[in-house]
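**Student:** Take this structure first; my questions come after.
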Amino acid sequence: MRQRVITAVAALALFLPIIYFDFKGISVALLAAALAGVGVYELFRMKGLTVLSFEGVLAIIGAVILALPRDPWFTFLPEGTDKFALFYFIVLLFLGISVVSKNMYTIDEAAFPVITSLYVGMGFGAFANARAESLVVLCFGLFIVWATDIGAYMVGREYGKNKLWPEISPNKTIEGALGGILSAIVVAIIYLIAFPAKEYFGYDTLPLLAMTAVFSVVGQFGDLVESAFKRHYGVKDSGIILPGHGGILDRFDSLLFVFPVMHLFGIF
């Protein structure tokens, strides 16, 4: 427990200034790109692959492309060309390996690094885009995720009896999941008193609270997805970069789902 607290405090001391000040809109983008690269590394590690390979390097490049905004990082692209065309070029390179390797490397094998890049790149890219919109929007997403995690843990520990998805995560309960949703809504109500929904998010309060419930569910599903990965690959944690907490994906699994869905719903 002490190690977890020390790691959490150190991480907050590092990340909060970056998120708060976001120097010229560059700091958070670089943070997102770095986290995306680590996320690729952790997924490769779980699968037993080395990231110091042609496909590993391509996967990191693809994730970074998706994590960074077009401006100012990809202004070299022709006008009207977006960064997703550049990412698709990376996909074409993966598919081209099957020809160069004379089918020793197949489309099935190419699917893993491509999906890995897409998963972590889009997730952390949405995180950076939320901060580019405003600190208020970014913190709204963070508070929903944190409130869900804390509420689910506390309610589940106290009242949890019925397993939510024991084949994937044996400790999670239906009661805990409902507690997480309720906790997120309560925190959102308090947050929206300080930052009115219409003014800061472009939605009325009730629709945004309904979306909050959806985001809470999505965040918990993202947590389950990460648990499914670890169970499939037979590992306890995605990595060891955060002592007492595991890896980057262990801490950001919910965020990788919540922020893209917030973008889908037009929050930013």
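Going by the structure tokens order, chains are called A, B, ..., each with residues numbered from 1, while ligands are numbered from 1 in the order shown.
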Do you have, as CSV, the list of residues of stretch 59-161 of chain A lying at most 8 Å from stretch 244-264 of chain A, each with its nearest atom pair and that distance in Å to one decimal, counting only C-alpha atoms and ordered by chain then number?
**Tutor:**
residue,atom,partner,partner_atom,distance
A:Tyr119,CA,A:Leu256,CA,7.5
A:Val120,CA,A:Leu256,CA,6.8
A:Met122,CA,A:Pro260,CA,7.1
A:Gly123,CA,A:Leu256,CA,4.1
A:Phe124,CA,A:Leu256,CA,6.4
A:Ala126,CA,A:Pro260,CA,5.4
A:Phe127,CA,A:Phe259,CA,5.8
A:Ala130,CA,A:Phe259,CA,7.4
A:Gly141,CA,A:Phe259,CA,6.8
A:Leu142,CA,A:Leu255,CA,7.6
A:Val145,CA,A:Ser254,CA,6.7
**Student:** Neighbouring residues of A:Val28 were defined as those with any atom within 8 Å, considering only C-alpha atoms; residues of the same chain fewer than 4 positions away were excluded. Please report them as a list in words.
**Tutor:**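 With the cut-off at 8 Å, the set is Ile18, Ile19, Asp22, Ala32, Ala128 and Arg131 of chain A.
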**Student:** How about saving the chosen residues, N, CA and C atoms kept, as a short mmCIF file (atom, residue, chain, number, x, y, z; two decimals), in the first residue's frame?
**Tutor:**
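Done, and the output landed in again_39.cif:
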data_model
loop_
_atom_site.label_atom_id
_atom_site.label_comp_id
_atom_site.auth_asym_id
_atom_site.auth_seq_id
_atom_site.Cartn_x
_atom_site.Cartn_y
_atom_site.Cartn_z
N ILE A 18 2.02 19.26 -16.11
CA ILE A 18 1.97 19.12 -17.58
C ILE A 18 0.55 19.35 -18.07
N ILE A 19 -0.41 18.73 -17.40
CA ILE A 19 -1.81 18.84 -17.81
C ILE A 19 -2.34 20.25 -17.58
N ASP A 22 0.17 22.90 -19.88
CA ASP A 22 0.16 22.52 -21.29
C ASP A 22 0.82 23.58 -22.16
N ALA A 32 0.88 12.47 -24.36
CA ALA A 32 0.01 11.47 -24.97
C ALA A 32 0.79 10.55 -25.91
N ALA A 128 -5.48 13.90 -25.43
CA ALA A 128 -4.81 15.15 -25.79
C ALA A 128 -5.80 16.14 -26.40
N ARG A 131 -7.82 17.96 -23.76
CA ARG A 131 -7.08 19.07 -23.14
C ARG A 131 -6.98 20.24 -24.09
#
**Student:** Please measure the separation of atom CA of A:Gly160 and atom CA of A:Ala177, giving the value in Å to one decimal.
**Tutor:**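 Those two atoms sit 9.2 Å apart.
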**Student:** Of the candidates A:Ile61, A:Ile189, A:Ile26, A:Leu35, which shows the shortest atom-to-atom distance to A:Phe140, using only C-alpha atoms?
**Tutor:**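 For A:Phe140, the nearest of the given residues is A:Ile189.
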**Student:** Per residue of stretch 187-233 of chain A within 12 Å of stretch 150-154 of chain A, note the shortest atom pair and the distance in Å to one decimal, counting only C-alpha atoms, and order the rows by chain and increasing residue number, as a tab-separated table.
**Tutor:**
residue	atom	partner	partner_atom	distance
A:Val187	CA	A:Gly151	CA	10.3
A:Ser216	CA	A:Ala152	CA	10.2
A:Val217	CA	A:Ala152	CA	11.0
A:Gly219	CA	A:Ala152	CA	11.3
A:Gln220	CA	A:Ala152	CA	9.1
A:Asp223	CA	A:Ala152	CA	11.8
**Student:** Would you output that residue set with all heavy atoms, as an mmCIF file, in the first residue's frame?
**Tutor:**
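To be explicit, this is the file written out as selection_18.cif:
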data_model
loop_
_atom_site.group_PDB
_atom_site.id
_atom_site.type_symbol
_atom_site.label_atom_id
_atom_site.label_comp_id
_atom_site.auth_asym_id
_atom_site.auth_seq_id
_atom_site.Cartn_x
_atom_site.Cartn_y
_atom_site.Cartn_z
ATOM 1 N N VAL A 187 -20.595 13.006 -8.724
ATOM 2 C CA VAL A 187 -19.435 13.885 -8.965
ATOM 3 C C VAL A 187 -19.723 14.824 -10.128
ATOM 4 O O VAL A 187 -19.362 16.017 -10.084
ATOM 5 C CB VAL A 187 -18.177 13.045 -9.223
ATOM 6 C CG1 VAL A 187 -17.038 13.913 -9.756
ATOM 7 C CG2 VAL A 187 -17.739 12.338 -7.943
ATOM 8 N N SER A 216 -19.430 6.263 -17.685
ATOM 9 C CA SER A 216 -19.053 5.412 -16.555
ATOM 10 C C SER A 216 -19.090 3.942 -16.955
ATOM 11 O O SER A 216 -18.176 3.176 -16.626
ATOM 12 C CB SER A 216 -19.982 5.669 -15.369
ATOM 13 O OG SER A 216 -19.633 4.855 -14.271
ATOM 14 N N VAL A 217 -20.145 3.546 -17.661
ATOM 15 C CA VAL A 217 -20.257 2.165 -18.135
ATOM 16 C C VAL A 217 -19.128 1.848 -19.112
ATOM 17 O O VAL A 217 -18.491 0.794 -19.037
ATOM 18 C CB VAL A 217 -21.629 1.934 -18.808
ATOM 19 C CG1 VAL A 217 -21.669 0.566 -19.491
ATOM 20 C CG2 VAL A 217 -22.753 2.034 -17.778
ATOM 21 N N GLY A 219 -16.208 3.275 -19.310
ATOM 22 C CA GLY A 219 -14.952 3.195 -18.584
ATOM 23 C C GLY A 219 -14.765 1.843 -17.911
ATOM 24 O O GLY A 219 -13.675 1.266 -17.938
ATOM 25 N N GLN A 220 -15.838 1.341 -17.307
ATOM 26 C CA GLN A 220 -15.759 0.028 -16.663
ATOM 27 C C GLN A 220 -15.552 -1.066 -17.698
ATOM 28 O O GLN A 220 -14.842 -2.051 -17.439
ATOM 29 C CB GLN A 220 -17.030 -0.219 -15.850
ATOM 30 C CG GLN A 220 -17.175 0.734 -14.673
ATOM 31 C CD GLN A 220 -18.342 0.385 -13.776
ATOM 32 O OE1 GLN A 220 -18.371 -0.677 -13.162
ATOM 33 N NE2 GLN A 220 -19.318 1.277 -13.687
ATOM 34 N N ASP A 223 -11.946 -1.169 -18.597
ATOM 35 C CA ASP A 223 -11.211 -1.891 -17.555
ATOM 36 C C ASP A 223 -11.304 -3.394 -17.766
ATOM 37 O O ASP A 223 -10.316 -4.128 -17.641
ATOM 38 C CB ASP A 223 -11.776 -1.501 -16.194
ATOM 39 C CG ASP A 223 -10.934 -2.007 -15.036
ATOM 40 O OD1 ASP A 223 -10.714 -3.229 -14.965
ATOM 41 O OD2 ASP A 223 -10.507 -1.193 -14.197
#
**Student:** How would you write, as a PDB file with N, CA and C atoms, in the first residue's frame, the set of residues in stretch 199-266 of chain A that DSSP gives as alpha helix (DSSP H)?
**Tutor:**
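Below is the file that was written, out.pdb:
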ATOM      1  N   GLU A 199     -22.711  26.112 -20.871  1.00  0.00           N
ATOM      2  CA  GLU A 199     -21.636  27.057 -21.136  1.00  0.00           C
ATOM      3  C   GLU A 199     -20.337  26.367 -21.513  1.00  0.00           C
ATOM      4  N   TYR A 200     -20.022  25.259 -20.829  1.00  0.00           N
ATOM      5  CA  TYR A 200     -18.716  24.629 -21.018  1.00  0.00           C
ATOM      6  C   TYR A 200     -18.746  23.396 -21.929  1.00  0.00           C
ATOM      7  N   PHE A 201     -19.928  22.803 -22.089  1.00  0.00           N
ATOM      8  CA  PHE A 201     -19.998  21.550 -22.855  1.00  0.00           C
ATOM      9  C   PHE A 201     -20.982  21.590 -24.024  1.00  0.00           C
ATOM     10  N   THR A 205     -27.969  20.169 -18.784  1.00  0.00           N
ATOM     11  CA  THR A 205     -27.458  19.357 -17.681  1.00  0.00           C
ATOM     12  C   THR A 205     -27.953  17.912 -17.717  1.00  0.00           C
ATOM     13  N   LEU A 206     -29.245  17.713 -17.910  1.00  0.00           N
ATOM     14  CA  LEU A 206     -29.789  16.348 -17.861  1.00  0.00           C
ATOM     15  C   LEU A 206     -29.219  15.446 -18.957  1.00  0.00           C
ATOM     16  N   PRO A 207     -29.169  15.907 -20.210  1.00  0.00           N
ATOM     17  CA  PRO A 207     -28.528  15.055 -21.221  1.00  0.00           C
ATOM     18  C   PRO A 207     -27.074  14.734 -20.893  1.00  0.00           C
ATOM     19  N   LEU A 208     -26.345  15.709 -20.326  1.00  0.00           N
ATOM     20  CA  LEU A 208     -24.944  15.466 -20.001  1.00  0.00           C
ATOM     21  C   LEU A 208     -24.813  14.479 -18.852  1.00  0.00           C
ATOM     22  N   LEU A 209     -25.748  14.518 -17.892  1.00  0.00           N
ATOM     23  CA  LEU A 209     -25.731  13.531 -16.812  1.00  0.00           C
ATOM     24  C   LEU A 209     -26.049  12.137 -17.343  1.00  0.00           C
ATOM     25  N   ALA A 210     -26.945  12.071 -18.318  1.00  0.00           N
ATOM     26  CA  ALA A 210     -27.235  10.770 -18.947  1.00  0.00           C
ATOM     27  C   ALA A 210     -25.984  10.248 -19.658  1.00  0.00           C
ATOM     28  N   MET A 211     -25.272  11.146 -20.321  1.00  0.00           N
ATOM     29  CA  MET A 211     -24.018  10.748 -20.975  1.00  0.00           C
ATOM     30  C   MET A 211     -22.989  10.306 -19.936  1.00  0.00           C
ATOM     31  N   THR A 212     -22.986  10.961 -18.789  1.00  0.00           N
ATOM     32  CA  THR A 212     -22.055  10.587 -17.723  1.00  0.00           C
ATOM     33  C   THR A 212     -22.239   9.130 -17.340  1.00  0.00           C
ATOM     34  N   ALA A 213     -23.498   8.692 -17.237  1.00  0.00           N
ATOM     35  CA  ALA A 213     -23.765   7.290 -16.921  1.00  0.00           C
ATOM     36  C   ALA A 213     -23.194   6.384 -18.011  1.00  0.00           C
ATOM     37  N   VAL A 214     -23.342   6.813 -19.266  1.00  0.00           N
ATOM     38  CA  VAL A 214     -22.793   6.035 -20.381  1.00  0.00           C
ATOM     39  C   VAL A 214     -21.269   5.994 -20.293  1.00  0.00           C
ATOM     40  N   PHE A 215     -20.653   7.133 -20.025  1.00  0.00           N
ATOM     41  CA  PHE A 215     -19.192   7.184 -19.920  1.00  0.00           C
ATOM     42  C   PHE A 215     -18.694   6.290 -18.782  1.00  0.00           C
ATOM     43  N   SER A 216     -19.430   6.263 -17.685  1.00  0.00           N
ATOM     44  CA  SER A 216     -19.053   5.412 -16.555  1.00  0.00           C
ATOM     45  C   SER A 216     -19.090   3.942 -16.955  1.00  0.00           C
ATOM     46  N   VAL A 217     -20.145   3.546 -17.661  1.00  0.00           N
ATOM     47  CA  VAL A 217     -20.257   2.165 -18.135  1.00  0.00           C
ATOM     48  C   VAL A 217     -19.128   1.848 -19.112  1.00  0.00           C
ATOM     49  N   VAL A 218     -18.874   2.780 -20.027  1.00  0.00           N
ATOM     50  CA  VAL A 218     -17.814   2.590 -21.017  1.00  0.00           C
ATOM     51  C   VAL A 218     -16.455   2.447 -20.336  1.00  0.00           C
ATOM     52  N   GLY A 219     -16.208   3.275 -19.310  1.00  0.00           N
ATOM     53  CA  GLY A 219     -14.952   3.195 -18.584  1.00  0.00           C
ATOM     54  C   GLY A 219     -14.765   1.843 -17.911  1.00  0.00           C
ATOM     55  N   GLN A 220     -15.838   1.341 -17.307  1.00  0.00           N
ATOM     56  CA  GLN A 220     -15.759   0.028 -16.663  1.00  0.00           C
ATOM     57  C   GLN A 220     -15.552  -1.066 -17.698  1.00  0.00           C
ATOM     58  N   PHE A 221     -16.144  -0.900 -18.860  1.00  0.00           N
ATOM     59  CA  PHE A 221     -15.939  -1.883 -19.922  1.00  0.00           C
ATOM     60  C   PHE A 221     -14.494  -1.854 -20.405  1.00  0.00           C
ATOM     61  N   GLY A 222     -13.903  -0.650 -20.477  1.00  0.00           N
ATOM     62  CA  GLY A 222     -12.496  -0.543 -20.860  1.00  0.00           C
ATOM     63  C   GLY A 222     -11.602  -1.251 -19.870  1.00  0.00           C
ATOM     64  N   ASP A 223     -11.946  -1.169 -18.597  1.00  0.00           N
ATOM     65  CA  ASP A 223     -11.211  -1.891 -17.555  1.00  0.00           C
ATOM     66  C   ASP A 223     -11.304  -3.394 -17.766  1.00  0.00           C
ATOM     67  N   LEU A 224     -12.501  -3.853 -18.117  1.00  0.00           N
ATOM     68  CA  LEU A 224     -12.704  -5.287 -18.361  1.00  0.00           C
ATOM     69  C   LEU A 224     -11.940  -5.757 -19.598  1.00  0.00           C
ATOM     70  N   VAL A 225     -11.878  -4.901 -20.602  1.00  0.00           N
ATOM     71  CA  VAL A 225     -11.129  -5.251 -21.816  1.00  0.00           C
ATOM     72  C   VAL A 225      -9.667  -5.480 -21.482  1.00  0.00           C
ATOM     73  N   GLU A 226      -9.086  -4.586 -20.682  1.00  0.00           N
ATOM     74  CA  GLU A 226      -7.696  -4.750 -20.276  1.00  0.00           C
ATOM     75  C   GLU A 226      -7.515  -6.024 -19.451  1.00  0.00           C
ATOM     76  N   SER A 227      -8.498  -6.318 -18.587  1.00  0.00           N
ATOM     77  CA  SER A 227      -8.447  -7.564 -17.811  1.00  0.00           C
ATOM     78  C   SER A 227      -8.491  -8.779 -18.732  1.00  0.00           C
ATOM     79  N   ALA A 228      -9.284  -8.681 -19.796  1.00  0.00           N
ATOM     80  CA  ALA A 228      -9.371  -9.779 -20.754  1.00  0.00           C
ATOM     81  C   ALA A 228      -8.028  -9.997 -21.455  1.00  0.00           C
ATOM     82  N   PHE A 229      -7.352  -8.896 -21.814  1.00  0.00           N
ATOM     83  CA  PHE A 229      -6.023  -9.010 -22.419  1.00  0.00           C
ATOM     84  C   PHE A 229      -5.080  -9.765 -21.487  1.00  0.00           C
ATOM     85  N   LYS A 230      -5.035  -9.336 -20.238  1.00  0.00           N
ATOM     86  CA  LYS A 230      -4.093  -9.929 -19.282  1.00  0.00           C
ATOM     87  C   LYS A 230      -4.434 -11.397 -19.011  1.00  0.00           C
ATOM     88  N   ARG A 231      -5.709 -11.698 -18.934  1.00  0.00           N
ATOM     89  CA  ARG A 231      -6.093 -13.091 -18.715  1.00  0.00           C
ATOM     90  C   ARG A 231      -5.715 -13.947 -19.923  1.00  0.00           C
ATOM     91  N   HIS A 232      -5.905 -13.390 -21.112  1.00  0.00           N
ATOM     92  CA  HIS A 232      -5.569 -14.131 -22.337  1.00  0.00           C
ATOM     93  C   HIS A 232      -4.068 -14.429 -22.404  1.00  0.00           C
ATOM     94  N   TYR A 233      -3.257 -13.432 -22.023  1.00  0.00           N
ATOM     95  CA  TYR A 233      -1.805 -13.603 -22.125  1.00  0.00           C
ATOM     96  C   TYR A 233      -1.190 -14.150 -20.846  1.00  0.00           C
ATOM     97  N   ILE A 248       1.249   1.306 -17.572  1.00  0.00           N
ATOM     98  CA  ILE A 248       0.465   2.450 -18.035  1.00  0.00           C
ATOM     99  C   ILE A 248      -0.946   2.013 -18.410  1.00  0.00           C
ATOM    100  N   LEU A 249      -1.072   0.894 -19.098  1.00  0.00           N
ATOM    101  CA  LEU A 249      -2.401   0.432 -19.508  1.00  0.00           C
ATOM    102  C   LEU A 249      -3.256   0.025 -18.316  1.00  0.00           C
ATOM    103  N   ASP A 250      -2.632  -0.410 -17.233  1.00  0.00           N
ATOM    104  CA  ASP A 250      -3.390  -0.731 -16.023  1.00  0.00           C
ATOM    105  C   ASP A 250      -4.039   0.516 -15.439  1.00  0.00           C
ATOM    106  N   ARG A 251      -3.402   1.665 -15.603  1.00  0.00           N
ATOM    107  CA  ARG A 251      -3.919   2.914 -15.036  1.00  0.00           C
ATOM    108  C   ARG A 251      -4.788   3.687 -16.014  1.00  0.00           C
ATOM    109  N   PHE A 252      -4.583   3.487 -17.312  1.00  0.00           N
ATOM    110  CA  PHE A 252      -5.281   4.294 -18.304  1.00  0.00           C
ATOM    111  C   PHE A 252      -6.307   3.487 -19.106  1.00  0.00           C
ATOM    112  N   LEU A 255      -9.634   5.254 -19.392  1.00  0.00           N
ATOM    113  CA  LEU A 255      -9.513   6.500 -20.148  1.00  0.00           C
ATOM    114  C   LEU A 255      -9.445   6.247 -21.650  1.00  0.00           C
ATOM    115  N   LEU A 256      -8.820   5.139 -22.039  1.00  0.00           N
ATOM    116  CA  LEU A 256      -8.677   4.824 -23.454  1.00  0.00           C
ATOM    117  C   LEU A 256     -10.019   4.549 -24.118  1.00  0.00           C
ATOM    118  N   PHE A 257     -11.025   4.250 -23.312  1.00  0.00           N
ATOM    119  CA  PHE A 257     -12.372   4.056 -23.833  1.00  0.00           C
ATOM    120  C   PHE A 257     -13.225   5.308 -23.650  1.00  0.00           C
ATOM    121  N   VAL A 258     -13.092   5.962 -22.506  1.00  0.00           N
ATOM    122  CA  VAL A 258     -13.984   7.076 -22.173  1.00  0.00           C
ATOM    123  C   VAL A 258     -13.755   8.285 -23.084  1.00  0.00           C
ATOM    124  N   PHE A 259     -12.512   8.696 -23.277  1.00  0.00           N
ATOM    125  CA  PHE A 259     -12.272   9.917 -24.046  1.00  0.00           C
ATOM    126  C   PHE A 259     -12.666   9.795 -25.520  1.00  0.00           C
ATOM    127  N   PRO A 260     -12.399   8.673 -26.201  1.00  0.00           N
ATOM    128  CA  PRO A 260     -12.904   8.557 -27.570  1.00  0.00           C
ATOM    129  C   PRO A 260     -14.440   8.607 -27.640  1.00  0.00           C
ATOM    130  N   VAL A 261     -15.123   8.028 -26.651  1.00  0.00           N
ATOM    131  CA  VAL A 261     -16.591   8.065 -26.659  1.00  0.00           C
ATOM    132  C   VAL A 261     -17.086   9.475 -26.331  1.00  0.00           C
ATOM    133  N   MET A 262     -16.389  10.186 -25.456  1.00  0.00           N
ATOM    134  CA  MET A 262     -16.732  11.592 -25.218  1.00  0.00           C
ATOM    135  C   MET A 262     -16.623  12.390 -26.517  1.00  0.00           C
ATOM    136  N   HIS A 263     -15.585  12.129 -27.291  1.00  0.00           N
ATOM    137  CA  HIS A 263     -15.430  12.796 -28.582  1.00  0.00           C
ATOM    138  C   HIS A 263     -16.546  12.400 -29.533  1.00  0.00           C
ATOM    139  N   LEU A 264     -16.893  11.119 -29.530  1.00  0.00           N
ATOM    140  CA  LEU A 264     -17.974  10.625 -30.380  1.00  0.00           C
ATOM    141  C   LEU A 264     -19.292  11.348 -30.067  1.00  0.00           C
TER     142      LEU A 264
END
**Student:** Hey, what's within 12 Å of A:Ala111 if we count only C-alpha atoms and toss same-chain stuff fewer than 5 positions away? As an mmCIF file with N, CA and C atoms, in the first residue's frame, please?
**Tutor:**
data_model
loop_
_atom_site.group_PDB
_atom_site.id
_atom_site.type_symbol
_atom_site.label_atom_id
_atom_site.label_comp_id
_atom_site.auth_asym_id
_atom_site.auth_seq_id
_atom_site.Cartn_x
_atom_site.Cartn_y
_atom_site.Cartn_z
ATOM 1 N N GLU A 55 8.164 -4.575 -36.856
ATOM 2 C CA GLU A 55 6.740 -4.379 -36.580
ATOM 3 C C GLU A 55 6.519 -3.588 -35.297
ATOM 4 N N ALA A 59 4.546 -0.109 -35.176
ATOM 5 C CA ALA A 59 3.383 0.014 -34.300
ATOM 6 C C ALA A 59 3.486 1.269 -33.433
ATOM 7 N N VAL A 91 -0.296 1.017 -42.054
ATOM 8 C CA VAL A 91 -1.017 -0.252 -42.221
ATOM 9 C C VAL A 91 -0.584 -0.936 -43.513
ATOM 10 N N LEU A 92 -0.444 -0.171 -44.583
ATOM 11 C CA LEU A 92 -0.006 -0.748 -45.862
ATOM 12 C C LEU A 92 1.386 -1.350 -45.747
ATOM 13 N N PHE A 94 2.629 -2.695 -43.036
ATOM 14 C CA PHE A 94 2.440 -3.975 -42.349
ATOM 15 C C PHE A 94 1.997 -5.057 -43.334
ATOM 16 N N LEU A 95 1.036 -4.717 -44.165
ATOM 17 C CA LEU A 95 0.541 -5.697 -45.135
ATOM 18 C C LEU A 95 1.617 -6.045 -46.165
ATOM 19 N N SER A 98 4.091 -9.060 -45.702
ATOM 20 C CA SER A 98 3.729 -10.421 -46.120
ATOM 21 C C SER A 98 4.325 -10.763 -47.478
ATOM 22 N N TYR A 105 5.226 -13.792 -42.889
ATOM 23 C CA TYR A 105 4.503 -12.868 -42.016
ATOM 24 C C TYR A 105 3.140 -12.655 -42.656
ATOM 25 N N THR A 106 2.065 -13.018 -41.950
ATOM 26 C CA THR A 106 0.739 -13.054 -42.550
ATOM 27 C C THR A 106 -0.131 -11.892 -42.087
ATOM 28 N N THR A 116 -3.246 -2.757 -32.005
ATOM 29 C CA THR A 116 -2.545 -2.169 -30.868
ATOM 30 C C THR A 116 -2.327 -0.678 -31.083
ATOM 31 N N SER A 117 -1.822 -0.297 -32.250
ATOM 32 C CA SER A 117 -1.592 1.116 -32.569
ATOM 33 C C SER A 117 -2.893 1.905 -32.522
ATOM 34 N N LEU A 118 -3.939 1.323 -33.087
ATOM 35 C CA LEU A 118 -5.231 2.006 -33.152
ATOM 36 C C LEU A 118 -5.812 2.206 -31.756
ATOM 37 N N TYR A 119 -5.740 1.179 -30.946
ATOM 38 C CA TYR A 119 -6.295 1.206 -29.588
ATOM 39 C C TYR A 119 -5.624 2.266 -28.722
#
**Student:** Show which residues sit within 6 Å of A:Ala184, as an mmCIF file with C-alpha atoms, in the first residue's frame. Count only C-alpha atoms, and ignore same-chain residues fewer than 6 positions away.
**Tutor:**
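To be explicit, this is the file written out as around03.cif:
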data_model
loop_
_atom_site.group_PDB
_atom_site.id
_atom_site.type_symbol
_atom_site.label_atom_id
_atom_site.label_comp_id
_atom_site.auth_asym_id
_atom_site.auth_seq_id
_atom_site.Cartn_x
_atom_site.Cartn_y
_atom_site.Cartn_z
ATOM 1 C CA ILE A 144 -15.812 10.574 -14.152
ATOM 2 C CA ALA A 147 -15.238 8.583 -9.392
ATOM 3 C CA THR A 148 -16.307 5.393 -11.153
#
**Student:** A:Leu77, A:Ala132, A:Ile185, A:Cys139: which is nearest A:Lys24, counting only C-alpha atoms?
**Tutor:**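 When distances to A:Lys24 are compared using only C-alpha atoms, the smallest one comes from A:Ala132.
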**Student:** When you look at A:Phe54 with a cut-off of 12 Å (counting only C-alpha atoms), what residues show up, excluding the ones that are within fewer than 2 positions of it in the same chain? I need them as a count of residues only.
**Tutor:** 17
**Student:** To one decimal in Å, tell me the separation between atom CA of A:Tyr88 and atom CA of A:Arg70.
**Tutor:**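 Spanning atom CA of A:Tyr88 to atom CA of A:Arg70 is a straight-line distance of 14.7 Å.
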**Student:** Hey, what does DSSP flag as strand (DSSP E) within stretch 40-207 of chain A? Can you give it to me as a VMD selection string?
**Tutor:** chain A and resid 163 to 165 169 to 173
**Student:** Calculated over only C-alpha atoms, which of the candidates A:Ala67, A:Val136, A:Ala188, A:Leu242 has the smallest distance to A:Gly37?
**Tutor:**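 Checking each candidate against A:Gly37, we get A:Ala67 as the closest.
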**Student:** Out of A:Lys172, A:Val40, A:Val235, A:Leu14, which residue has the shortest atom-to-atom distance to A:Ile115 when counting only C-alpha atoms?
**Tutor:**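 Selected residue with least distance to A:Ile115: A:Val40.
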**Student:** Mind giving me the straight-line distance from atom CA of A:Pro166 to atom CA of A:Phe143 in Å, one decimal?
**Tutor:**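 Between these atoms lies a distance of 26.7 Å.
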**Student:** Excluding stretch 173-176 of chain A and its own-chain neighbours fewer than 4 positions away, which residues fall within 6 Å of it when counting only C-alpha atoms? Please give them as a list in words.
**Tutor:** Ala152, Val155, Gly156, Gly160, Asn162, Lys163 and Leu164 of chain A
**Student:** Please determine, counting only C-alpha atoms, which residue among A:Val9, A:Thr75, A:Met46, A:Thr81 has the shortest atom-to-atom distance to A:Lys236.
**Tutor:**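 Smallest separation from A:Lys236 among the options: A:Met46.
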**Student:** Mind checking which residues fall within 6 Å of A:Gly121, counting only C-alpha atoms, ignoring those fewer than 6 positions away in the same chain, and posting them as a list in words?
**Tutor:**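 Those residues are Ala36, Ala63, Leu66 and Ala67 of chain A.
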**Student:** Restricting the output to C-alpha atoms, write the selected residues as a PDB file, in the first residue's frame.
**Tutor:**
ATOM      1  CA  ALA A  36       0.954   5.685 -26.489  1.00  0.00           C
ATOM      2  CA  ALA A  63       0.297   5.010 -32.329  1.00  0.00           C
ATOM      3  CA  LEU A  66      -2.739   8.938 -33.949  1.00  0.00           C
ATOM      4  CA  ALA A  67      -1.866  10.442 -30.556  1.00  0.00           C
TER       5      ALA A  67
END
